[in-house]
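Trainee: File data02.cif follows (mmCIF, C-alpha atoms and all ligand atoms):
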```cif
data_data
loop_
_atom_site.label_atom_id
_atom_site.label_comp_id
_atom_site.auth_asym_id
_atom_site.auth_seq_id
_atom_site.Cartn_x
_atom_site.Cartn_y
_atom_site.Cartn_z
CA MET O 104 -72.77 -85.24 -134.33
CA SER O 105 -72.39 -88.78 -133.05
CA THR O 106 -73.95 -89.72 -129.78
CA ALA O 107 -73.11 -92.56 -127.43
CA GLN O 108 -76.31 -94.56 -127.84
CA LYS O 109 -76.08 -94.92 -131.63
CA LYS O 110 -76.11 -98.46 -132.94
CA ARG O 111 -73.14 -99.89 -134.78
CA LEU O 112 -74.00 -100.34 -138.45
CA LEU O 113 -70.75 -101.47 -140.03
CA GLN O 114 -67.61 -102.82 -138.49
CA VAL O 115 -64.59 -103.68 -140.59
CA GLU O 116 -61.74 -105.31 -138.73
CA ASN O 117 -58.42 -106.74 -139.70
CA LEU O 118 -59.16 -106.32 -143.38
CA SER O 119 -56.43 -107.55 -145.64
CA ILE O 120 -56.51 -107.60 -149.43
CA GLY O 121 -53.94 -109.14 -151.71
CA PHE O 122 -53.73 -109.80 -155.42
CA SER O 123 -52.08 -112.79 -156.96
CA GLN O 124 -50.24 -111.81 -160.08
CA TYR O 125 -48.28 -113.74 -162.64
CA VAL O 126 -44.77 -112.55 -163.23
CA LYS O 127 -42.85 -113.78 -166.25
CA GLY O 128 -45.67 -116.06 -167.35
CA THR O 129 -45.67 -118.84 -164.78
CA GLN O 130 -44.31 -117.42 -161.53
CA LYS O 131 -46.98 -116.23 -159.16
CA ARG O 132 -46.60 -113.60 -156.49
CA VAL O 133 -48.99 -111.88 -154.14
CA ILE O 134 -49.02 -108.15 -153.53
CA ARG O 135 -50.87 -106.93 -150.47
CA PRO O 136 -52.04 -103.31 -150.76
CA ILE O 137 -54.35 -103.55 -147.72
CA ALA O 138 -53.26 -104.96 -144.37
CA ASP O 139 -55.02 -104.77 -141.03
CA MET O 140 -57.40 -102.01 -141.99
CA HIS O 141 -60.31 -101.16 -139.71
CA VAL O 142 -63.20 -98.74 -139.70
CA ASP O 143 -66.61 -98.62 -138.06
CA ILE O 144 -69.76 -96.63 -138.77
CA ASP O 145 -72.78 -96.12 -136.56
CA GLU O 146 -76.34 -95.64 -137.73
CA GLY O 147 -76.85 -91.99 -138.61
CA GLU O 148 -73.14 -91.34 -138.66
CA ILE O 149 -70.94 -89.93 -141.42
CA VAL O 150 -67.39 -91.24 -141.41
CA ALA O 151 -64.99 -89.66 -143.88
CA VAL O 152 -62.16 -91.84 -145.17
CA ALA O 153 -59.13 -89.78 -146.11
CA GLY O 154 -55.69 -90.72 -147.33
CA ALA O 155 -53.27 -90.27 -150.19
CA SER O 156 -53.91 -91.62 -153.66
CA GLY O 157 -53.22 -95.37 -153.69
CA SER O 158 -53.62 -95.76 -149.92
CA GLY O 159 -56.46 -98.25 -150.36
CA LYS O 160 -59.67 -96.27 -149.89
CA SER O 161 -61.48 -97.63 -152.94
CA LEU O 162 -60.41 -101.21 -152.16
CA LEU O 163 -61.95 -100.83 -148.71
CA ALA O 164 -65.22 -99.73 -150.32
CA HIS O 165 -65.11 -102.53 -152.88
CA ALA O 166 -64.46 -105.13 -150.17
CA VAL O 167 -67.55 -104.04 -148.23
CA LEU O 168 -69.61 -104.05 -151.42
CA GLY O 169 -68.27 -107.38 -152.66
CA ILE O 170 -67.00 -106.04 -155.97
CA LEU O 171 -63.28 -106.76 -155.72
CA PRO O 172 -61.75 -108.22 -158.88
CA GLY O 173 -61.62 -111.99 -159.19
CA ASN O 174 -57.92 -112.30 -158.43
CA ALA O 175 -58.26 -110.51 -155.08
CA ILE O 176 -57.70 -112.45 -151.87
CA CYS O 177 -59.63 -110.85 -149.06
CA SER O 178 -59.55 -111.72 -145.37
CA GLY O 179 -60.75 -110.15 -142.15
CA SER O 180 -64.16 -109.39 -140.78
CA ILE O 181 -66.93 -107.24 -142.24
CA VAL O 182 -69.94 -107.11 -139.93
CA TYR O 183 -73.03 -105.23 -141.09
CA ARG O 184 -75.96 -104.84 -138.68
CA GLY O 185 -74.55 -107.61 -136.53
CA GLU O 186 -74.16 -110.04 -139.42
CA GLU O 187 -70.87 -111.20 -140.91
CA LEU O 188 -71.21 -110.47 -144.63
CA THR O 189 -70.68 -113.26 -147.11
CA GLU O 190 -70.11 -112.48 -150.77
CA LYS O 191 -73.64 -113.69 -151.52
CA ARG O 192 -75.12 -111.40 -148.87
CA LYS O 193 -73.11 -108.45 -150.17
CA GLU O 194 -74.63 -109.04 -153.60
CA GLN O 195 -78.14 -109.08 -152.13
CA LEU O 196 -77.59 -105.82 -150.27
CA ARG O 197 -75.71 -103.95 -152.99
CA GLY O 198 -77.82 -101.33 -154.74
CA ARG O 199 -80.57 -101.86 -152.19
CA GLU O 200 -79.79 -101.38 -148.49
CA ILE O 201 -76.21 -100.54 -149.33
CA SER O 202 -75.87 -97.92 -152.00
CA PHE O 203 -72.68 -97.06 -153.79
CA ILE O 204 -71.45 -93.96 -155.54
CA PRO O 205 -68.39 -95.17 -157.44
CA GLN O 206 -65.27 -93.13 -158.01
CA SER O 207 -65.29 -93.75 -161.73
CA VAL O 208 -68.06 -92.65 -164.06
CA ASN O 209 -67.24 -95.80 -166.07
CA TYR O 210 -69.62 -97.65 -163.76
CA LEU O 211 -72.47 -96.16 -165.77
CA ASP O 212 -73.76 -98.32 -168.61
CA PRO O 213 -72.49 -96.65 -171.81
CA LEU O 214 -75.40 -98.03 -173.82
CA MET O 215 -78.27 -96.96 -171.60
CA ARG O 216 -79.79 -93.47 -171.46
CA VAL O 217 -78.83 -91.85 -168.16
CA GLY O 218 -82.45 -91.17 -167.14
CA ARG O 219 -83.16 -94.91 -167.34
CA GLN O 220 -80.09 -95.68 -165.26
CA VAL O 221 -81.33 -93.45 -162.47
CA GLN O 222 -84.72 -95.20 -162.60
CA ILE O 223 -83.22 -98.64 -161.91
CA GLY O 224 -84.21 -99.85 -158.46
CA LEU O 225 -86.99 -97.29 -158.06
CA ASP O 226 -90.62 -98.24 -157.68
CA LYS O 227 -91.83 -98.69 -161.30
CA LYS O 228 -94.96 -96.57 -160.93
CA THR O 229 -93.14 -93.49 -159.69
CA ALA O 230 -89.67 -94.10 -161.13
CA GLN O 231 -89.85 -91.53 -163.91
CA GLU O 232 -91.25 -88.82 -161.70
CA LYS O 233 -88.66 -89.53 -159.00
CA GLN O 234 -85.84 -89.52 -161.54
CA GLN O 235 -86.95 -86.17 -162.92
CA LYS O 236 -87.09 -84.75 -159.41
CA LEU O 237 -83.56 -85.99 -158.74
CA PHE O 238 -82.37 -84.46 -162.00
CA ALA O 239 -83.85 -81.10 -161.04
CA GLN O 240 -82.25 -81.37 -157.62
CA TYR O 241 -78.83 -82.00 -159.14
CA ASP O 242 -79.18 -79.27 -161.71
CA LEU O 243 -79.67 -81.58 -164.70
CA LYS O 244 -82.18 -80.73 -167.38
CA LYS O 245 -85.18 -82.93 -168.05
CA SER O 246 -83.92 -83.50 -171.61
CA ASP O 247 -80.54 -84.72 -170.26
CA GLY O 248 -82.32 -87.90 -169.23
CA ARG O 249 -82.47 -88.97 -172.87
CA LEU O 250 -78.74 -88.69 -173.36
CA PHE O 251 -76.16 -91.45 -173.24
CA PRO O 252 -73.17 -91.18 -170.89
CA PHE O 253 -70.75 -90.10 -173.64
CA GLU O 254 -72.93 -87.06 -174.34
CA LEU O 255 -72.53 -85.67 -170.81
CA SER O 256 -69.65 -83.78 -169.20
CA GLY O 257 -67.65 -85.32 -166.33
CA GLY O 258 -69.38 -83.14 -163.74
CA MET O 259 -72.81 -84.04 -165.10
CA LEU O 260 -71.96 -87.76 -165.03
CA ARG O 261 -70.92 -87.45 -161.38
CA ARG O 262 -74.28 -85.93 -160.58
CA VAL O 263 -76.07 -88.72 -162.47
CA LEU O 264 -74.04 -91.28 -160.49
CA PHE O 265 -74.99 -89.58 -157.29
CA ALA O 266 -78.67 -89.59 -158.25
CA THR O 267 -78.53 -93.38 -158.68
CA SER O 268 -77.69 -93.73 -154.97
CA VAL O 269 -80.75 -91.95 -153.67
CA ARG O 270 -83.11 -94.80 -152.89
CA GLU O 271 -85.69 -95.38 -150.21
CA GLY O 272 -84.65 -97.78 -147.49
CA VAL O 273 -80.93 -97.18 -147.89
CA LYS O 274 -79.11 -98.00 -144.67
CA LEU O 275 -75.49 -97.60 -145.70
CA VAL O 276 -74.17 -95.21 -148.32
CA ILE O 277 -70.65 -95.64 -149.63
CA ALA O 278 -69.57 -92.60 -151.62
CA ASP O 279 -66.16 -92.89 -153.28
CA GLU O 280 -64.98 -89.39 -154.23
CA PRO O 281 -68.41 -88.07 -155.16
CA THR O 282 -67.38 -84.45 -155.62
CA PRO O 283 -64.39 -83.85 -157.93
CA GLY O 284 -65.09 -81.58 -160.88
CA ILE O 285 -68.42 -80.54 -159.50
CA HIS O 286 -69.46 -76.91 -159.33
CA PRO O 287 -70.13 -75.40 -155.87
CA GLN O 288 -73.92 -75.53 -156.03
CA ALA O 289 -73.98 -79.24 -156.92
CA LEU O 290 -71.28 -79.92 -154.31
CA PHE O 291 -73.48 -78.29 -151.71
CA GLU O 292 -76.43 -80.38 -152.89
CA ILE O 293 -74.41 -83.61 -152.61
CA LEU O 294 -73.17 -82.81 -149.11
CA ARG O 295 -76.71 -81.87 -148.15
CA GLN O 296 -78.03 -85.19 -149.46
CA LEU O 297 -75.34 -87.18 -147.61
CA LYS O 298 -76.31 -85.33 -144.44
CA GLN O 299 -79.94 -86.14 -145.18
CA PHE O 300 -79.13 -89.87 -145.48
CA ALA O 301 -77.53 -89.69 -142.03
CA LYS O 302 -80.47 -87.74 -140.58
CA GLU O 303 -82.74 -90.55 -141.75
CA GLY O 304 -80.58 -93.00 -139.83
CA ALA O 305 -78.29 -94.33 -142.56
CA GLY O 306 -74.55 -94.62 -142.09
CA VAL O 307 -72.33 -92.88 -144.63
CA MET O 308 -68.78 -93.71 -145.67
CA LEU O 309 -67.47 -90.66 -147.48
CA ILE O 310 -64.21 -91.37 -149.25
CA THR O 311 -62.58 -88.15 -150.32
CA HIS O 312 -59.50 -86.07 -150.96
CA ASP O 313 -61.51 -83.00 -150.16
CA ILE O 314 -61.11 -83.01 -146.38
CA MET O 315 -62.41 -79.48 -145.94
CA SER O 316 -65.75 -80.32 -147.57
CA ALA O 317 -65.95 -83.64 -145.73
CA LEU O 318 -65.44 -81.91 -142.39
CA GLU O 319 -68.55 -79.85 -142.99
CA ILE O 320 -70.68 -82.96 -142.59
CA ALA O 321 -68.52 -85.77 -141.12
CA ASP O 322 -68.73 -86.94 -137.52
CA ARG O 323 -65.44 -88.79 -137.62
CA VAL O 324 -62.53 -89.12 -140.02
CA ALA O 325 -60.55 -92.30 -140.64
CA VAL O 326 -57.05 -91.60 -141.91
CA ILE O 327 -55.64 -94.32 -144.15
CA LYS O 328 -51.98 -94.74 -145.06
CA ASP O 329 -50.40 -97.49 -147.14
CA GLY O 330 -53.40 -99.79 -146.75
CA THR O 331 -53.72 -99.42 -142.99
CA THR O 332 -55.88 -97.28 -140.73
CA VAL O 333 -53.54 -94.97 -138.85
CA GLU O 334 -56.11 -92.99 -136.93
CA ILE O 335 -59.84 -92.46 -136.48
CA SER O 336 -60.69 -89.16 -134.85
CA GLU O 337 -63.66 -86.94 -134.24
CA ALA O 338 -64.03 -84.41 -137.06
CA ALA O 339 -63.80 -81.66 -134.45
CA ALA O 340 -60.15 -82.63 -133.81
CA PHE O 341 -59.31 -81.34 -137.29
CA GLU O 342 -58.86 -77.75 -136.24
CA GLY O 343 -56.08 -75.34 -135.41
CA LYS O 344 -52.72 -76.91 -135.99
CA GLY O 345 -54.12 -80.38 -135.38
CA GLU O 346 -52.96 -80.59 -131.77
CA ARG O 347 -55.87 -82.85 -130.91
CA LEU O 348 -55.02 -85.40 -133.59
CA LYS O 349 -53.35 -88.55 -132.32
CA THR O 350 -50.77 -89.33 -134.95
CA GLU O 351 -48.10 -87.27 -136.60
CA TYR O 352 -49.29 -88.53 -139.97
CA ALA O 353 -52.82 -87.15 -139.48
CA GLN O 354 -51.37 -83.87 -138.26
CA ARG O 355 -49.18 -83.62 -141.33
CA LEU O 356 -52.07 -84.44 -143.62
CA TRP O 357 -54.13 -81.74 -141.95
CA ARG O 358 -51.41 -79.10 -141.98
CA ALA O 359 -50.56 -79.77 -145.60
CA LEU O 360 -53.97 -78.61 -146.78
CA PRO O 361 -53.56 -75.44 -148.82
CA GLN O 362 -56.13 -73.73 -146.70
CA ASN O 363 -54.10 -74.29 -143.53
CA GLU O 364 -50.82 -73.21 -145.08
CA PHE O 365 -52.60 -70.07 -146.03
CA ASP O 366 -54.12 -69.68 -142.59
CA MET O 367 -50.78 -70.07 -140.86
CA GLU O 368 -49.08 -67.47 -143.00
CA PHE O 369 -52.03 -65.26 -142.51
CA ARG O 370 -51.86 -65.71 -138.76
CA GLU O 371 -48.12 -65.03 -138.71
CA ASP O 372 -48.66 -61.81 -140.63
CA VAL O 373 -51.32 -60.71 -138.21
CA GLU O 374 -49.10 -61.55 -135.24
CA LYS O 375 -46.22 -59.53 -136.71
CA GLN O 376 -48.42 -56.51 -137.05
CA TRP O 377 -49.56 -56.81 -133.48
CA LEU O 378 -46.15 -57.26 -131.85
N1 LIG O 401 -56.85 -105.00 -159.27
C1 LIG O 401 -55.73 -104.68 -158.65
N2 LIG O 401 -54.61 -105.40 -158.79
C2 LIG O 401 -53.46 -105.06 -158.18
N3 LIG O 401 -53.33 -103.98 -157.39
C3 LIG O 401 -54.40 -103.20 -157.21
C4 LIG O 401 -55.66 -103.49 -157.83
N4 LIG O 401 -56.56 -102.54 -157.48
C5 LIG O 401 -55.87 -101.68 -156.67
N5 LIG O 401 -54.60 -102.07 -156.50
C6 LIG O 401 -53.59 -101.38 -155.72
O1 LIG O 401 -54.06 -101.18 -154.42
C7 LIG O 401 -53.65 -99.90 -153.93
C8 LIG O 401 -54.84 -99.16 -153.38
O2 LIG O 401 -55.70 -98.82 -154.46
P1 LIG O 401 -57.04 -97.98 -154.25
O3 LIG O 401 -57.68 -97.83 -155.56
O4 LIG O 401 -57.84 -98.58 -153.15
O5 LIG O 401 -56.42 -96.57 -153.76
P2 LIG O 401 -57.23 -95.23 -153.39
O6 LIG O 401 -56.83 -94.86 -152.00
O7 LIG O 401 -58.66 -95.40 -153.67
O8 LIG O 401 -56.56 -94.17 -154.39
P3 LIG O 401 -57.23 -92.88 -155.14
O9 LIG O 401 -57.32 -91.83 -154.09
O10 LIG O 401 -56.24 -92.54 -156.20
O11 LIG O 401 -58.55 -93.29 -155.68
C9 LIG O 401 -52.93 -99.21 -155.06
O12 LIG O 401 -51.56 -99.31 -154.83
C10 LIG O 401 -53.34 -99.98 -156.27
O13 LIG O 401 -52.31 -100.02 -157.21
NI NI O 402 -59.92 -94.56 -154.99
#
```
Show how you would write the structure in this file as structure tokens.
Ligand SMILES: Nc1ncnc2c1ncn2[C@@H]1O[C@H](COP(=O)(O)OP(=O)(O)OP(=O)(O)O)[C@@H](O)[C@H]1O
Ligand code: NI
Mentor:
Amino acid sequence: MSTAQKKRLLQVENLSIGFSQYVKGTQKRVIRPIADMHVDIDEGEIVAVAGASGSGKSLLAHAVLGILPGNAICSGSIVYRGEELTEKRKEQLRGREISFIPQSVNYLDPLMRVGRQVQIGLDKKTAQEKQQKLFAQYDLKKSDGRLFPFELSGGMLRRVLFATSVREGVKLVIADEPTPGIHPQALFEILRQLKQFAKEGAGVMLITHDIMSALEIADRVAVIKDGTTVEISEAAAFEGKGERLKTEYAQRLWRALPQNEFDMEFREDVEKQWL
């Protein structure tokens, strides 16, 4: 749970992202999928970022990491540990202090054995041992390390991706949908590891569609809609019928979860029997 004296790790304010595109060859136009987005994360805090597909969650992550495509126009303020991040600084921090678990398994190098990929950035002397430990932790066989990405299933690749983020000295973890297609035991292991990052003082941005899983570990939830932050609330406010949530949109998002639909029907049935 978040406490008042925690130090601010990341503060994103007024973030706006546009793309210039050519239409009909020579005409240029700008589309702006992100406008006035904000989010903040304290040290040791897990902030879930939830919102519909296309609402701009991955772009937010990519802006913080400095990996937006070349035609992106980005404005606003991204302050990390009190320092306004330049693109150069983002590059220095990426894969070191700031670790990233991308949404797409295509971020893995198709031509490098997955064991090697997990060893990148680890201390050379202990890299192999550490990688094998991570594989065991994420239910991957030792021999899987010799395989290339195309030889692994989607769920296995996700676990490999996750293993690449576990580095000493990580201060901010940005996980973009780390759990789809993952079996329950590995899901548990991933949530446990994210919690562990936070326990060690790192901040975690957990981008996900899986709000129920996120709520098991998140301190706060930022709700994103159409490229804007509509609400940031304590995870504890996501309960009951969402009465403690501030916006109608967040309430609707919460109530639309299959689990809650089920719960409400269930509750109504119980009430009928009692009256
Ligand atoms: N390179 C790009 N050029 C133009 N538009 C883009 C580009 N990348 C993303 N967009 C647009 O920005 C919007 C937000 O995309 P983003 O990938 O951040 O959504 P998301 O919330 O991560 O969705 P999902 O949950 O499906 O991963 C989308 O409408 C998308 O089409
Ligand atoms: Ni995304």
Trainee: May I have the residues within 12 Å of ligand LIG 401 (chain O), computed using only C-alpha atoms and all ligand atoms, as an mmCIF file with C-alpha atoms, in the coordinates of the input?
Mentor:
```cif
data_model
loop_
_atom_site.group_PDB
_atom_site.id
_atom_site.type_symbol
_atom_site.label_atom_id
_atom_site.label_comp_id
_atom_site.auth_asym_id
_atom_site.auth_seq_id
_atom_site.Cartn_x
_atom_site.Cartn_y
_atom_site.Cartn_z
ATOM 1 C CA SER O 119 -56.430 -107.550 -145.640
ATOM 2 C CA ILE O 120 -56.510 -107.600 -149.430
ATOM 3 C CA GLY O 121 -53.940 -109.140 -151.710
ATOM 4 C CA PHE O 122 -53.730 -109.800 -155.420
ATOM 5 C CA SER O 123 -52.080 -112.790 -156.960
ATOM 6 C CA GLN O 124 -50.240 -111.810 -160.080
ATOM 7 C CA TYR O 125 -48.280 -113.740 -162.640
ATOM 8 C CA ARG O 132 -46.600 -113.600 -156.490
ATOM 9 C CA VAL O 133 -48.990 -111.880 -154.140
ATOM 10 C CA ILE O 134 -49.020 -108.150 -153.530
ATOM 11 C CA ARG O 135 -50.870 -106.930 -150.470
ATOM 12 C CA PRO O 136 -52.040 -103.310 -150.760
ATOM 13 C CA ILE O 137 -54.350 -103.550 -147.720
ATOM 14 C CA ALA O 138 -53.260 -104.960 -144.370
ATOM 15 C CA MET O 140 -57.400 -102.010 -141.990
ATOM 16 C CA VAL O 152 -62.160 -91.840 -145.170
ATOM 17 C CA ALA O 153 -59.130 -89.780 -146.110
ATOM 18 C CA GLY O 154 -55.690 -90.720 -147.330
ATOM 19 C CA ALA O 155 -53.270 -90.270 -150.190
ATOM 20 C CA SER O 156 -53.910 -91.620 -153.660
ATOM 21 C CA GLY O 157 -53.220 -95.370 -153.690
ATOM 22 C CA SER O 158 -53.620 -95.760 -149.920
ATOM 23 C CA GLY O 159 -56.460 -98.250 -150.360
ATOM 24 C CA LYS O 160 -59.670 -96.270 -149.890
ATOM 25 C CA SER O 161 -61.480 -97.630 -152.940
ATOM 26 C CA LEU O 162 -60.410 -101.210 -152.160
ATOM 27 C CA LEU O 163 -61.950 -100.830 -148.710
ATOM 28 C CA ALA O 164 -65.220 -99.730 -150.320
ATOM 29 C CA HIS O 165 -65.110 -102.530 -152.880
ATOM 30 C CA ALA O 166 -64.460 -105.130 -150.170
ATOM 31 C CA ILE O 170 -67.000 -106.040 -155.970
ATOM 32 C CA LEU O 171 -63.280 -106.760 -155.720
ATOM 33 C CA PRO O 172 -61.750 -108.220 -158.880
ATOM 34 C CA GLY O 173 -61.620 -111.990 -159.190
ATOM 35 C CA ASN O 174 -57.920 -112.300 -158.430
ATOM 36 C CA ALA O 175 -58.260 -110.510 -155.080
ATOM 37 C CA ILE O 176 -57.700 -112.450 -151.870
ATOM 38 C CA PRO O 205 -68.390 -95.170 -157.440
ATOM 39 C CA GLN O 206 -65.270 -93.130 -158.010
ATOM 40 C CA SER O 207 -65.290 -93.750 -161.730
ATOM 41 C CA ALA O 278 -69.570 -92.600 -151.620
ATOM 42 C CA ASP O 279 -66.160 -92.890 -153.280
ATOM 43 C CA GLU O 280 -64.980 -89.390 -154.230
ATOM 44 C CA PRO O 281 -68.410 -88.070 -155.160
ATOM 45 C CA PRO O 283 -64.390 -83.850 -157.930
ATOM 46 C CA LEU O 309 -67.470 -90.660 -147.480
ATOM 47 C CA ILE O 310 -64.210 -91.370 -149.250
ATOM 48 C CA THR O 311 -62.580 -88.150 -150.320
ATOM 49 C CA HIS O 312 -59.500 -86.070 -150.960
ATOM 50 C CA ASP O 313 -61.510 -83.000 -150.160
ATOM 51 C CA VAL O 326 -57.050 -91.600 -141.910
ATOM 52 C CA ILE O 327 -55.640 -94.320 -144.150
ATOM 53 C CA LYS O 328 -51.980 -94.740 -145.060
ATOM 54 C CA ASP O 329 -50.400 -97.490 -147.140
ATOM 55 C CA GLY O 330 -53.400 -99.790 -146.750
ATOM 56 C CA THR O 331 -53.720 -99.420 -142.990
ATOM 57 C CA THR O 332 -55.880 -97.280 -140.730
#
```
Trainee: What does the structure give for the distance between atom CA of His141 of chain O and atom CA of Glu187 of chain O, in Å to one decimal?
Mentor: 14.6 Å
Trainee: At what distance in Å, to one decimal, does atom CA of Asp143 of chain O lie from atom CA of Val182 of chain O?
Mentor: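 Result for atom CA of Val182 of chain O versus atom CA of Asp143 of chain O: 9.3 Å, one decimal.
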Trainee: From the options O:Glu186, O:Asp145, O:Glu271, O:Glu337, which residue's atoms come nearest to Ala321 of chain O, counting only C-alpha atoms?
Mentor: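 Smallest separation from Ala321 of chain O among the options: O:Glu337.
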Trainee: In Å, rounded to a single decimal, give me how far atom CA of Ala353 of chain O is from atom CA of Val324 of chain O.
Mentor: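 That distance, rounded to one decimal, is 9.9 Å.
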Trainee: Residues around (-62.5, -84.2, -136.0), cut-off 9 Å, counting only C-alpha atoms - what are they as an MDAnalysis selection string?
Mentor: chainID O and resid 318 321:324 335:342 347:348
Trainee: Report as number ranges by chain all protein, DNA and RNA residues lying within 10 Å of Arg216 of chain O, evaluated on only C-alpha atoms, omitting residues in the same chain fewer than 3 positions from it.
Mentor: O: 211-213, 219-221, 247-254
Trainee: Using only C-alpha atoms for the distances, tell me which of O:Leu243, O:Val333, O:Leu275, O:Leu113 is nearest to Arg184 of chain O.
Mentor: O:Leu113
Trainee: Padding of 5 Å on every side, edges along x, y and z, all listed atoms of segment 349-364 of chain O included: what centre and edge lengths in Å, to one decimal, does that box have, as lines of an AutoDock Vina configuration file?
Mentor:
```
center_x = -52.1
center_y = -81.3
center_z = -140.6
size_x = 18.0
size_y = 26.1
size_z = 26.5
```
Trainee: Counting all atoms listed in the file, which residue out of O:Glu346, O:Ser246, O:Gln288, O:Leu297 sits closest to Ile320 of chain O?
Mentor: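 Of all the options, O:Leu297 lies closest to Ile320 of chain O.
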Trainee: Between O:Leu294, O:Gly272, O:Ile204, O:Arg358, which one has atoms that come closest to ligand NI 402 (chain O), using all atoms listed in the file?
Mentor: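 Among the listed residues, the smallest separation from ligand NI 402 (chain O) belongs to O:Ile204.
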